[in-house]
Amino acid sequence: MRLRTTLAVAFLGLSLLQVLAVVPIALRNLSALLQRQQESRIDQEMAAVDATVQRLGADVQRAMDELATSPALEDAARDAAKLPPPPALTSAAATLMVPRGLSVLSLFDADGRTLSSGHLPARLGDLDEALFKATKGNHTLVPVQVELRDETGLHTRPALVTSRALDYGDTRVWAVGGSLLDERVAQQLSRLTGARVEVWGGNEKLGTAGTAAEPTTLRTVSWAPVAEVRLYFSRADLIATRTEVLRAFLALAALGLLLSVGVGFVLARRVTLPVEALTDAARRIAAGELDVRVEERATGELKALVQTFNKMTVDLKATTDKLVASERIAAWQEVARRVAHEIKNPLTPIRMSLETLVAASEKDNPRFKALFKESAVAVLEEVDRLKRIVDEFSQFARLPRPALAQVDLAELCRQVLALYAPHALGEGAAQLTYASHLDDGALVSADRDQLTQVLVNLIKNAEEAMTATGKGGAVTVTVRTQPATATIEVRDEGPGIPPDLRARLFEPYVTTKPAGTGLGLAIAARILQEHDGKLEVADEAGPGACFVLTLPRNARG
Amino acid sequence: MRVVILALLLALPCLAGSRARYGGTLKVAATARATETDPLLADTPIEATLVSLLNRPLCRAEKNGAITPLLVTELSRTTPTTVKAPLRSGLARPNGPGLAPAELAAHLTKLSGGSSPYRALLSPLKVATANELTLAFPFPDFERALCHPALAPQGVGPYRFAAQTFTANVFFPEGRPFTDALTVTSTDARTAERLLQQRKVHLALGLGTAADESALLFATFLAFNPVKVGPDFRAAFEAAIERSDLVRFFVLLPAAAMGQLLPPPLSAGMTEPAKLPRPSPLATPRELTLAYDAALPDHRAVAERLQVKLHASGYRIALKPLTRAALRAKPDAELALQSLMIPPVPALAVALALELGGRHDQLAAQLAPLGLISDDKARAHAAQVLAEKLWPELPLIPLYAQALGIQAAKDVQNLKTDAQGLPLLDAVFLGQD
């Protein structure tokens, strides 16, 4: 992974880590805060509910106090003794109840017999012990179950009632009145709190008002054992708020992540640009381009690194120039030594032949003519040798560019091997033989003449190596094809190549032959190099040497 | 002689004060709104009173038992099963042609085959032709049945109604009403009483002070479907409901509890029904629906009372207010309050009870033996015995009987009632205080 990518991912990971670490904590704290706020709001609303309930009771008490002192109740008490009870009495409760905001009102005689009932006129004349006994003499509010009827039947409903007594002469009339805990209470409390309010009497839901989206929080107001008001406060707002905040938080976190990635990328770029420039420069230097300079756009340590690198390249170029110059001098010295050595060797026989001729001429040696002929042959041989040396040097120095054409390596090898025939190294001596294993279809783009020259050179080297041993042997030429390459192996059964010579075998002037110039394998290697191929010595465990020519198939075709 | 002359002279002003005087407007306050105009449906005391101003039956049953022909010249028997009833001529009606004998015959035929419970009164009628009615069996009380206000043909009465005023029908065969006009104000009892005290009205109908027990003929029954209510309903009812409480607290007075199938004026001497054992409350509440007349406050109050009191016995009763026509057309209701104007004749009252109890098919069989009894008292007694026998059999629970309470100003003269307890307002004239 590139440094820039690594740094960007690191920035992203760090940011993500921060988000993952911060978001849960922030959300938990936020939820707790919102929860506390809602609990506080509900507490306030429940306080208002309590106040409303108190006010409801106070209204009942006030209405009953007013009723107890009203002339209307006195009239009812006066009529209570009449038989049959006048309509004014039997309808009195209904008449007195509504203007006073009461939803329950019954007038009882001293025995608890109903004289008039506003909420249940059908009870006239009956004992209503449940209502009468629960409230008789009780000026406080009492939660009781009150009988009511509607078109569907008789029901009991919870109510808060209180009683007042009025004496008219010897007649005592009890007024028991109050307010039903019904849907109106639910509506009132729902309007006050915005909650869904349910009024329950035992297991029966008597009224409901308002709505509250789920989930909800339940609070109750109890008038045990007759009634309970359940207030459902919606927590949907809380959830919605938390969700909104979470969304905003996540959006900001995502934005932060993006920014982190962006900043990280920019910073990584700033960091990696000099590094990449250094890498590129190092690569170019490795390729021999020693004039490379890296722009000093970095800061801090990177800038120092770039400066150091630039100084190093300058120093390296200077050192390399010096080294090249030294190597060139050394090469020239080696060439001069070689040339001198190679030229010096033929010069000595030439000089000796000429001195022999000069001496024979001065002494009129009768063998002068024969000597002249022998010396002339020797001189010519040495001159030929000098010429060959010069040609090889000249060829090594000015190797022509290959003329590429489609070459079938198997067919090429067959043509070359056709020039060689098995033969004995001497009378009764060992045989020198030639073998081949040629895969067809090994087509390459190559200069046919240059490849022939390489092949001939290698076979010649093999012959010379096996001739030198006097044991003979076989020269085996093998052509193999691989998907991308084609190879020619030239194997002999000679003494092989000494290990200390393997590394330098393709350098010029390296040879194992006493009369070799050491340029043959160097020229062969260079030809292969010019064909984008290579010439190698295979690592052989046994005796003999094996040279492998590798060429790309249709490399330039 | 001087003494006699002096006495006559002294009596002259008194004679002048009691002499019938024509003219004037009789102002009436009614404590209930009269909504029905069909005599078959206008059978509450006030409604019957007001509807009888415009529609009179063939005859009038007098309180003394006599029958006064009104639309017919006579009611006589040529045979025990043939009633001669020749229609008066010139029975003009405000709208349309005058009443003809054939129309009267058709009217009676239609009633006897109709769905009204009052058809029971005509159950002996076999054929009605012009001027003559043929009975299926001898039935001496048939002429009294013809006098029932519910059977009156429409359009012939002592008054005609126009522009919210009853104006005197000068062609009424019995003679024109004494007053030229009659106005009715519908109001509540207290206002009616006040209007009367302030002399803004001459008569107040529906004030419960009149104590003429012979007029307690407007009976209310609780009809029930025996299959729907279950076997113990009657016993549960008797255990839960005090009829005296109904009368005391929930219905318009004058009223009386009705423990027999016959209303109090007709049940004198009858044996009290045997007390039923108090049943235990139902283990599983029984859901029932009680239909009642939406136009009658009494019905609503009584229905609520029944609903409340029967609740403890395990009957969950829903109330269903209906128009009177719908109520009468619902004979198979689970529970229904039905009020009828009972004629002051025991045999006819039994006939109505049988009809209301869903025994129309037994009418002839039950009434024919009564018709064979020629003596009125013996026939009345036989009818009472029959009523006692039917009491536990019919799906009817008698509740209470009401009469029309009337209060009149001092200047109202000649205020009389018929055997049904309805005032004869056409006979009233306004005198001086």
# chains A, B, ... in the order shown; residues from 1 in each chain; ligands from 1

call {"tool": "select_by_dssp", "arguments": {"residues": "region 223-310 of chain B", "states": "helix (DSSP H, G or I)", "output": "PyMOL selection string"}}
result
chain B and resi 226-229+233-240+243-250+264-266+297-310

call {"tool": "write_last_selection", "arguments": {"atoms": "N, CA and C atoms", "output": "mmCIF file, in the first residue's frame"}}
result
data_model
loop_
_atom_site.group_PDB
_atom_site.id
_atom_site.type_symbol
_atom_site.label_atom_id
_atom_site.label_comp_id
_atom_site.auth_asym_id
_atom_site.auth_seq_id
_atom_site.Cartn_x
_atom_site.Cartn_y
_atom_site.Cartn_z
ATOM 1 N N PRO B 226 -92.659 -13.736 25.809
ATOM 2 C CA PRO B 226 -92.315 -14.745 26.821
ATOM 3 C C PRO B 226 -91.036 -15.510 26.485
ATOM 4 N N VAL B 227 -90.806 -15.720 25.195
ATOM 5 C CA VAL B 227 -89.616 -16.491 24.815
ATOM 6 C C VAL B 227 -88.356 -15.683 25.093
ATOM 7 N N LYS B 228 -88.439 -14.377 24.795
ATOM 8 C CA LYS B 228 -87.243 -13.548 24.926
ATOM 9 C C LYS B 228 -86.929 -13.223 26.386
ATOM 10 N N VAL B 229 -87.945 -13.003 27.197
ATOM 11 C CA VAL B 229 -87.656 -12.508 28.553
ATOM 12 C C VAL B 229 -87.383 -13.649 29.533
ATOM 13 N N PHE B 233 -89.676 -13.864 34.364
ATOM 14 C CA PHE B 233 -89.710 -12.408 34.249
ATOM 15 C C PHE B 233 -90.863 -11.800 35.035
ATOM 16 N N ARG B 234 -92.023 -12.410 34.903
ATOM 17 C CA ARG B 234 -93.188 -11.819 35.590
ATOM 18 C C ARG B 234 -92.943 -11.788 37.107
ATOM 19 N N ALA B 235 -92.404 -12.889 37.625
ATOM 20 C CA ALA B 235 -92.148 -12.932 39.066
ATOM 21 C C ALA B 235 -91.074 -11.907 39.446
ATOM 22 N N ALA B 236 -90.047 -11.787 38.599
ATOM 23 C CA ALA B 236 -88.997 -10.805 38.885
ATOM 24 C C ALA B 236 -89.555 -9.399 38.857
ATOM 25 N N PHE B 237 -90.460 -9.187 37.895
ATOM 26 C CA PHE B 237 -91.075 -7.861 37.814
ATOM 27 C C PHE B 237 -91.876 -7.563 39.078
ATOM 28 N N GLU B 238 -92.713 -8.510 39.461
ATOM 29 C CA GLU B 238 -93.567 -8.271 40.623
ATOM 30 C C GLU B 238 -92.729 -8.058 41.877
ATOM 31 N N ALA B 239 -91.568 -8.727 41.936
ATOM 32 C CA ALA B 239 -90.720 -8.567 43.111
ATOM 33 C C ALA B 239 -89.988 -7.229 43.107
ATOM 34 N N ALA B 240 -89.690 -6.740 41.922
ATOM 35 C CA ALA B 240 -88.846 -5.545 41.841
ATOM 36 C C ALA B 240 -89.635 -4.253 41.769
ATOM 37 N N ARG B 243 -95.926 -0.858 41.985
ATOM 38 C CA ARG B 243 -96.742 -0.041 41.080
ATOM 39 C C ARG B 243 -97.118 1.283 41.744
ATOM 40 N N SER B 244 -97.259 1.242 43.076
ATOM 41 C CA SER B 244 -97.624 2.481 43.761
ATOM 42 C C SER B 244 -96.519 3.531 43.614
ATOM 43 N N ASP B 245 -95.253 3.065 43.549
ATOM 44 C CA ASP B 245 -94.154 4.009 43.330
ATOM 45 C C ASP B 245 -94.224 4.609 41.932
ATOM 46 N N LEU B 246 -94.605 3.767 40.974
ATOM 47 C CA LEU B 246 -94.748 4.297 39.615
ATOM 48 C C LEU B 246 -95.763 5.435 39.611
ATOM 49 N N VAL B 247 -96.881 5.170 40.280
ATOM 50 C CA VAL B 247 -97.948 6.164 40.276
ATOM 51 C C VAL B 247 -97.533 7.408 41.052
ATOM 52 N N ARG B 248 -96.830 7.178 42.170
ATOM 53 C CA ARG B 248 -96.495 8.301 43.053
ATOM 54 C C ARG B 248 -95.425 9.203 42.433
ATOM 55 N N PHE B 249 -94.453 8.611 41.746
ATOM 56 C CA PHE B 249 -93.299 9.411 41.336
ATOM 57 C C PHE B 249 -93.160 9.624 39.827
ATOM 58 N N PHE B 250 -93.728 8.744 39.039
ATOM 59 C CA PHE B 250 -93.276 8.734 37.652
ATOM 60 C C PHE B 250 -94.352 9.005 36.595
ATOM 61 N N PRO B 264 -108.888 0.057 37.322
ATOM 62 C CA PRO B 264 -109.578 0.095 38.625
ATOM 63 C C PRO B 264 -111.099 0.250 38.549
ATOM 64 N N PRO B 265 -111.638 1.111 37.654
ATOM 65 C CA PRO B 265 -113.102 1.242 37.668
ATOM 66 C C PRO B 265 -113.814 -0.047 37.292
ATOM 67 N N LEU B 266 -113.118 -0.928 36.616
ATOM 68 C CA LEU B 266 -113.745 -2.154 36.139
ATOM 69 C C LEU B 266 -113.349 -3.374 36.957
ATOM 70 N N PRO B 297 -93.863 11.462 28.212
ATOM 71 C CA PRO B 297 -92.892 11.549 29.310
ATOM 72 C C PRO B 297 -93.132 10.465 30.360
ATOM 73 N N ASP B 298 -94.399 10.114 30.558
ATOM 74 C CA ASP B 298 -94.695 9.046 31.513
ATOM 75 C C ASP B 298 -94.005 7.757 31.109
ATOM 76 N N HIS B 299 -94.114 7.458 29.833
ATOM 77 C CA HIS B 299 -93.514 6.215 29.347
ATOM 78 C C HIS B 299 -92.018 6.211 29.591
ATOM 79 N N ARG B 300 -91.392 7.334 29.289
ATOM 80 C CA ARG B 300 -89.937 7.382 29.455
ATOM 81 C C ARG B 300 -89.559 7.195 30.921
ATOM 82 N N ALA B 301 -90.257 7.904 31.804
ATOM 83 C CA ALA B 301 -89.935 7.799 33.225
ATOM 84 C C ALA B 301 -90.147 6.374 33.739
ATOM 85 N N VAL B 302 -91.245 5.760 33.322
ATOM 86 C CA VAL B 302 -91.527 4.387 33.767
ATOM 87 C C VAL B 302 -90.510 3.424 33.172
ATOM 88 N N ALA B 303 -90.165 3.640 31.914
ATOM 89 C CA ALA B 303 -89.180 2.766 31.282
ATOM 90 C C ALA B 303 -87.842 2.845 32.017
ATOM 91 N N GLU B 304 -87.443 4.053 32.391
ATOM 92 C CA GLU B 304 -86.192 4.205 33.135
ATOM 93 C C GLU B 304 -86.296 3.505 34.491
ATOM 94 N N ARG B 305 -87.445 3.640 35.113
ATOM 95 C CA ARG B 305 -87.631 2.988 36.413
ATOM 96 C C ARG B 305 -87.510 1.461 36.275
ATOM 97 N N LEU B 306 -88.150 0.926 35.261
ATOM 98 C CA LEU B 306 -88.072 -0.517 35.053
ATOM 99 C C LEU B 306 -86.622 -0.928 34.763
ATOM 100 N N GLN B 307 -85.967 -0.114 33.971
ATOM 101 C CA GLN B 307 -84.577 -0.415 33.627
ATOM 102 C C GLN B 307 -83.710 -0.485 34.885
ATOM 103 N N VAL B 308 -83.897 0.482 35.767
ATOM 104 C CA VAL B 308 -83.074 0.547 36.974
ATOM 105 C C VAL B 308 -83.449 -0.564 37.953
ATOM 106 N N LYS B 309 -84.751 -0.754 38.160
ATOM 107 C CA LYS B 309 -85.170 -1.690 39.205
ATOM 108 C C LYS B 309 -84.945 -3.149 38.793
ATOM 109 N N LEU B 310 -85.062 -3.439 37.501
ATOM 110 C CA LEU B 310 -84.885 -4.830 37.068
ATOM 111 C C LEU B 310 -83.411 -5.195 36.894
#

call {"tool": "interface_residues", "arguments": {"of": "chain A", "to": "chain B", "cutoff": "9 Å", "atoms": "only C-alpha atoms", "output": "mmCIF file with C-alpha atoms, in the first residue's frame"}}
result
data_model
loop_
_atom_site.group_PDB
_atom_site.id
_atom_site.type_symbol
_atom_site.label_atom_id
_atom_site.label_comp_id
_atom_site.auth_asym_id
_atom_site.auth_seq_id
_atom_site.Cartn_x
_atom_site.Cartn_y
_atom_site.Cartn_z
ATOM 1 C CA LEU A 83 -97.601 13.163 49.973
ATOM 2 C CA PRO A 84 -97.648 12.521 47.153
ATOM 3 C CA PRO A 85 -94.414 14.370 46.553
ATOM 4 C CA PRO A 86 -95.080 17.343 44.321
ATOM 5 C CA PRO A 87 -93.409 17.442 40.910
ATOM 6 C CA THR A 90 -89.136 15.137 42.401
ATOM 7 C CA LEU A 120 -80.834 9.057 38.259
ATOM 8 C CA PRO A 121 -84.474 10.170 38.473
ATOM 9 C CA ALA A 122 -85.554 6.550 38.250
ATOM 10 C CA ARG A 123 -84.324 6.064 41.815
ATOM 11 C CA LEU A 124 -87.118 8.195 43.276
ATOM 12 C CA GLY A 125 -88.492 6.687 46.425
ATOM 13 C CA LEU A 148 -76.247 6.069 36.349
ATOM 14 C CA ARG A 149 -78.326 4.932 33.482
ATOM 15 C CA ASP A 150 -78.347 5.493 29.780
ATOM 16 C CA GLU A 151 -80.254 3.966 26.932
ATOM 17 C CA THR A 152 -78.210 0.796 27.181
ATOM 18 C CA GLY A 153 -78.759 0.089 30.848
ATOM 19 C CA LEU A 154 -77.722 0.835 34.408
#

call {"tool": "select_by_dssp", "arguments": {"residues": "region 74-261 of chain B", "states": "strand (DSSP E or B)", "output": "ChimeraX atom specification"}}
result
/B:76-79,82-84,87,125-129,132-135,159-162,165-168,181-186,203-205,218-224,255-257

call {"tool": "write_last_selection", "arguments": {"atoms": "C-alpha atoms", "output": "PDB file, in the first residue's frame"}}
result
ATOM      1  CA  SER B  76    -131.201  -0.810  17.907  1.00  0.00           C
ATOM      2  CA  ARG B  77    -131.313  -4.546  17.481  1.00  0.00           C
ATOM      3  CA  THR B  78    -133.666  -6.241  15.104  1.00  0.00           C
ATOM      4  CA  THR B  79    -132.149  -9.580  16.063  1.00  0.00           C
ATOM      5  CA  THR B  82    -128.242  -7.395  13.857  1.00  0.00           C
ATOM      6  CA  VAL B  83    -127.621  -3.822  14.872  1.00  0.00           C
ATOM      7  CA  LYS B  84    -129.552  -1.180  13.069  1.00  0.00           C
ATOM      8  CA  LEU B  87    -126.563   7.265   9.579  1.00  0.00           C
ATOM      9  CA  LEU B 125    -118.701  -7.650  13.732  1.00  0.00           C
ATOM     10  CA  LYS B 126    -119.317  -9.960  10.839  1.00  0.00           C
ATOM     11  CA  VAL B 127    -120.614  -7.668   8.111  1.00  0.00           C
ATOM     12  CA  ALA B 128    -121.011  -3.936   7.990  1.00  0.00           C
ATOM     13  CA  THR B 129    -123.455  -2.556   5.467  1.00  0.00           C
ATOM     14  CA  GLU B 132    -126.891  -2.191   9.441  1.00  0.00           C
ATOM     15  CA  LEU B 133    -124.213  -4.188  11.221  1.00  0.00           C
ATOM     16  CA  THR B 134    -124.331  -7.952  11.423  1.00  0.00           C
ATOM     17  CA  LEU B 135    -122.558  -9.703  14.279  1.00  0.00           C
ATOM     18  CA  TYR B 159    -115.514  21.742  15.979  1.00  0.00           C
ATOM     19  CA  ARG B 160    -113.461  22.372  12.926  1.00  0.00           C
ATOM     20  CA  PHE B 161    -109.825  23.240  13.102  1.00  0.00           C
ATOM     21  CA  ALA B 162    -108.297  26.121  11.186  1.00  0.00           C
ATOM     22  CA  THR B 165    -108.278  27.543  16.428  1.00  0.00           C
ATOM     23  CA  PHE B 166    -111.165  25.172  16.844  1.00  0.00           C
ATOM     24  CA  THR B 167    -114.272  26.894  15.493  1.00  0.00           C
ATOM     25  CA  ALA B 168    -117.783  25.676  16.172  1.00  0.00           C
ATOM     26  CA  ALA B 181    -114.294  28.872  19.223  1.00  0.00           C
ATOM     27  CA  LEU B 182    -111.836  26.959  21.288  1.00  0.00           C
ATOM     28  CA  THR B 183    -108.104  27.580  21.606  1.00  0.00           C
ATOM     29  CA  VAL B 184    -105.541  25.236  23.076  1.00  0.00           C
ATOM     30  CA  THR B 185    -102.223  26.224  24.624  1.00  0.00           C
ATOM     31  CA  SER B 186     -99.696  23.450  25.181  1.00  0.00           C
ATOM     32  CA  LEU B 203    -109.713  25.055  31.445  1.00  0.00           C
ATOM     33  CA  ALA B 204    -106.509  23.255  32.260  1.00  0.00           C
ATOM     34  CA  LEU B 205    -106.225  19.689  30.996  1.00  0.00           C
ATOM     35  CA  PHE B 218    -106.255   4.977  30.256  1.00  0.00           C
ATOM     36  CA  ALA B 219    -104.273   1.857  31.063  1.00  0.00           C
ATOM     37  CA  THR B 220    -100.618   1.176  30.507  1.00  0.00           C
ATOM     38  CA  PHE B 221     -99.323  -2.365  30.177  1.00  0.00           C
ATOM     39  CA  LEU B 222     -95.892  -3.869  29.903  1.00  0.00           C
ATOM     40  CA  ALA B 223     -96.171  -6.303  27.041  1.00  0.00           C
ATOM     41  CA  PHE B 224     -93.425  -8.871  26.845  1.00  0.00           C
ATOM     42  CA  ALA B 255    -103.402   7.736  38.171  1.00  0.00           C
ATOM     43  CA  ALA B 256    -103.750   4.517  40.066  1.00  0.00           C
ATOM     44  CA  ALA B 257    -101.778   1.343  40.268  1.00  0.00           C
TER      45      ALA B 257
END

call {"tool": "residues_around", "arguments": {"residues": "Val456 (chain A)", "least_positions_apart": "5", "cutoff": "10 Å", "atoms": "only C-alpha atoms", "output": "mmCIF file with N, CA and C atoms, in the first residue's frame"}}
result
data_model
loop_
_atom_site.group_PDB
_atom_site.id
_atom_site.type_symbol
_atom_site.label_atom_id
_atom_site.label_comp_id
_atom_site.auth_asym_id
_atom_site.auth_seq_id
_atom_site.Cartn_x
_atom_site.Cartn_y
_atom_site.Cartn_z
ATOM 1 N N CYS A 413 19.290 -24.066 -36.351
ATOM 2 C CA CYS A 413 20.226 -25.019 -35.736
ATOM 3 C C CYS A 413 20.549 -26.161 -36.689
ATOM 4 N N VAL A 416 23.116 -24.970 -39.152
ATOM 5 C CA VAL A 416 24.465 -24.831 -38.571
ATOM 6 C C VAL A 416 25.072 -26.220 -38.334
ATOM 7 N N LEU A 417 24.247 -27.135 -37.759
ATOM 8 C CA LEU A 417 24.778 -28.455 -37.441
ATOM 9 C C LEU A 417 25.118 -29.257 -38.705
ATOM 10 N N LEU A 419 26.924 -28.255 -40.948
ATOM 11 C CA LEU A 419 28.320 -27.971 -41.299
ATOM 12 C C LEU A 419 29.271 -28.903 -40.553
ATOM 13 N N GLN A 450 23.748 -12.902 -37.245
ATOM 14 C CA GLN A 450 24.337 -12.726 -35.915
ATOM 15 C C GLN A 450 24.047 -13.951 -35.043
ATOM 16 N N LEU A 451 22.819 -14.514 -35.144
ATOM 17 C CA LEU A 451 22.520 -15.708 -34.365
ATOM 18 C C LEU A 451 23.387 -16.889 -34.821
ATOM 19 N N ASN A 461 33.525 -23.342 -29.469
ATOM 20 C CA ASN A 461 34.081 -23.400 -28.113
ATOM 21 C C ASN A 461 33.924 -24.801 -27.539
ATOM 22 N N ALA A 462 32.770 -25.429 -27.817
ATOM 23 C CA ALA A 462 32.538 -26.756 -27.275
ATOM 24 C C ALA A 462 33.516 -27.766 -27.885
#

call {"tool": "closest_residue", "arguments": {"among": "B:Ala136, B:Ala92, B:Leu217, B:Ala150", "to": "Arg119 (chain B)", "atoms": "only C-alpha atoms"}}
result
B:Ala150

call {"tool": "residues_around", "arguments": {"residues": "Thr272 (chain A)", "least_positions_apart": "2", "cutoff": "12 Å", "atoms": "only C-alpha atoms", "output": "PyMOL selection string"}}
result
chain A and resi 2-8+264-270+274-280+297-299+302-303+306

call {"tool": "residues_around", "arguments": {"residues": "Val339 (chain A)", "least_positions_apart": "3", "cutoff": "10 Å", "atoms": "only C-alpha atoms", "output": "VMD selection string"}}
result
chain A and resid 332 to 336 342 to 345 386 389 to 390 393 517

call {"tool": "write_last_selection", "arguments": {"atoms": "C-alpha atoms", "output": "PDB file, in the first residue's frame"}}
result
ATOM      1  CA  TRP A 332      42.150   2.023 -21.737  1.00  0.00           C
ATOM      2  CA  GLN A 333      45.015   0.681 -19.730  1.00  0.00           C
ATOM      3  CA  GLU A 334      43.543  -2.816 -19.977  1.00  0.00           C
ATOM      4  CA  VAL A 335      42.920  -2.369 -23.689  1.00  0.00           C
ATOM      5  CA  ALA A 336      46.403  -1.025 -24.140  1.00  0.00           C
ATOM      6  CA  GLU A 342      48.276  -9.427 -28.326  1.00  0.00           C
ATOM      7  CA  ILE A 343      50.402  -7.433 -30.695  1.00  0.00           C
ATOM      8  CA  LYS A 344      53.529  -8.146 -28.785  1.00  0.00           C
ATOM      9  CA  ASN A 345      53.182 -11.906 -29.202  1.00  0.00           C
ATOM     10  CA  LEU A 386      47.478  -9.508 -36.029  1.00  0.00           C
ATOM     11  CA  ILE A 389      43.113  -9.580 -33.611  1.00  0.00           C
ATOM     12  CA  VAL A 390      42.425  -6.194 -35.109  1.00  0.00           C
ATOM     13  CA  PHE A 393      38.610  -5.671 -31.723  1.00  0.00           C
ATOM     14  CA  THR A 517      41.183 -13.117 -27.448  1.00  0.00           C
TER      15      THR A 517
END

call {"tool": "residues_around", "arguments": {"residues": "region 402-416 of chain B", "least_positions_apart": "2", "cutoff": "8 Å", "atoms": "only C-alpha atoms", "output": "PyMOL selection string"}}
result
chain B and resi 18+45-46+196-197+199+201-213+215-219+252-256+400+418+421-425+427-433

call {"tool": "atom_distance", "arguments": {"atom1": "CA of Tyr292 (chain B)", "atom2": "CA of Ala333 (chain B)"}}
result
10.2 Å

call {"tool": "atom_distance", "arguments": {"atom1": "CA of Ser190 (chain A)", "atom2": "CA of Val229 (chain A)"}}
result
10.9 Å

call {"tool": "atom_distance", "arguments": {"atom1": "CA of Asp128 (chain A)", "atom2": "CA of Leu89 (chain A)"}}
result
17.2 Å

call {"tool": "residues_around", "arguments": {"residues": "Val490 (chain A)", "least_positions_apart": "6", "cutoff": "9 Å", "atoms": "only C-alpha atoms", "output": "NGL selection string"}}
result
:A and (455 or 458-459 or 462 or 475-478 or 545-549)

call {"tool": "write_last_selection", "arguments": {"atoms": "C-alpha atoms", "output": "mmCIF file, in the first residue's frame"}}
result
data_model
loop_
_atom_site.group_PDB
_atom_site.id
_atom_site.type_symbol
_atom_site.label_atom_id
_atom_site.label_comp_id
_atom_site.auth_asym_id
_atom_site.auth_seq_id
_atom_site.Cartn_x
_atom_site.Cartn_y
_atom_site.Cartn_z
ATOM 1 C CA LEU A 455 25.796 -20.517 -32.471
ATOM 2 C CA LEU A 458 29.437 -21.701 -29.009
ATOM 3 C CA ILE A 459 29.779 -24.978 -30.974
ATOM 4 C CA ALA A 462 32.538 -26.756 -27.275
ATOM 5 C CA VAL A 475 27.907 -31.548 -28.643
ATOM 6 C CA THR A 476 24.164 -31.407 -28.071
ATOM 7 C CA VAL A 477 22.049 -28.570 -29.386
ATOM 8 C CA THR A 478 18.542 -28.333 -27.986
ATOM 9 C CA ALA A 545 29.356 -26.764 -19.968
ATOM 10 C CA CYS A 546 25.937 -25.673 -21.100
ATOM 11 C CA PHE A 547 25.213 -22.290 -22.637
ATOM 12 C CA VAL A 548 21.634 -21.163 -22.934
ATOM 13 C CA LEU A 549 20.452 -18.550 -25.429
#
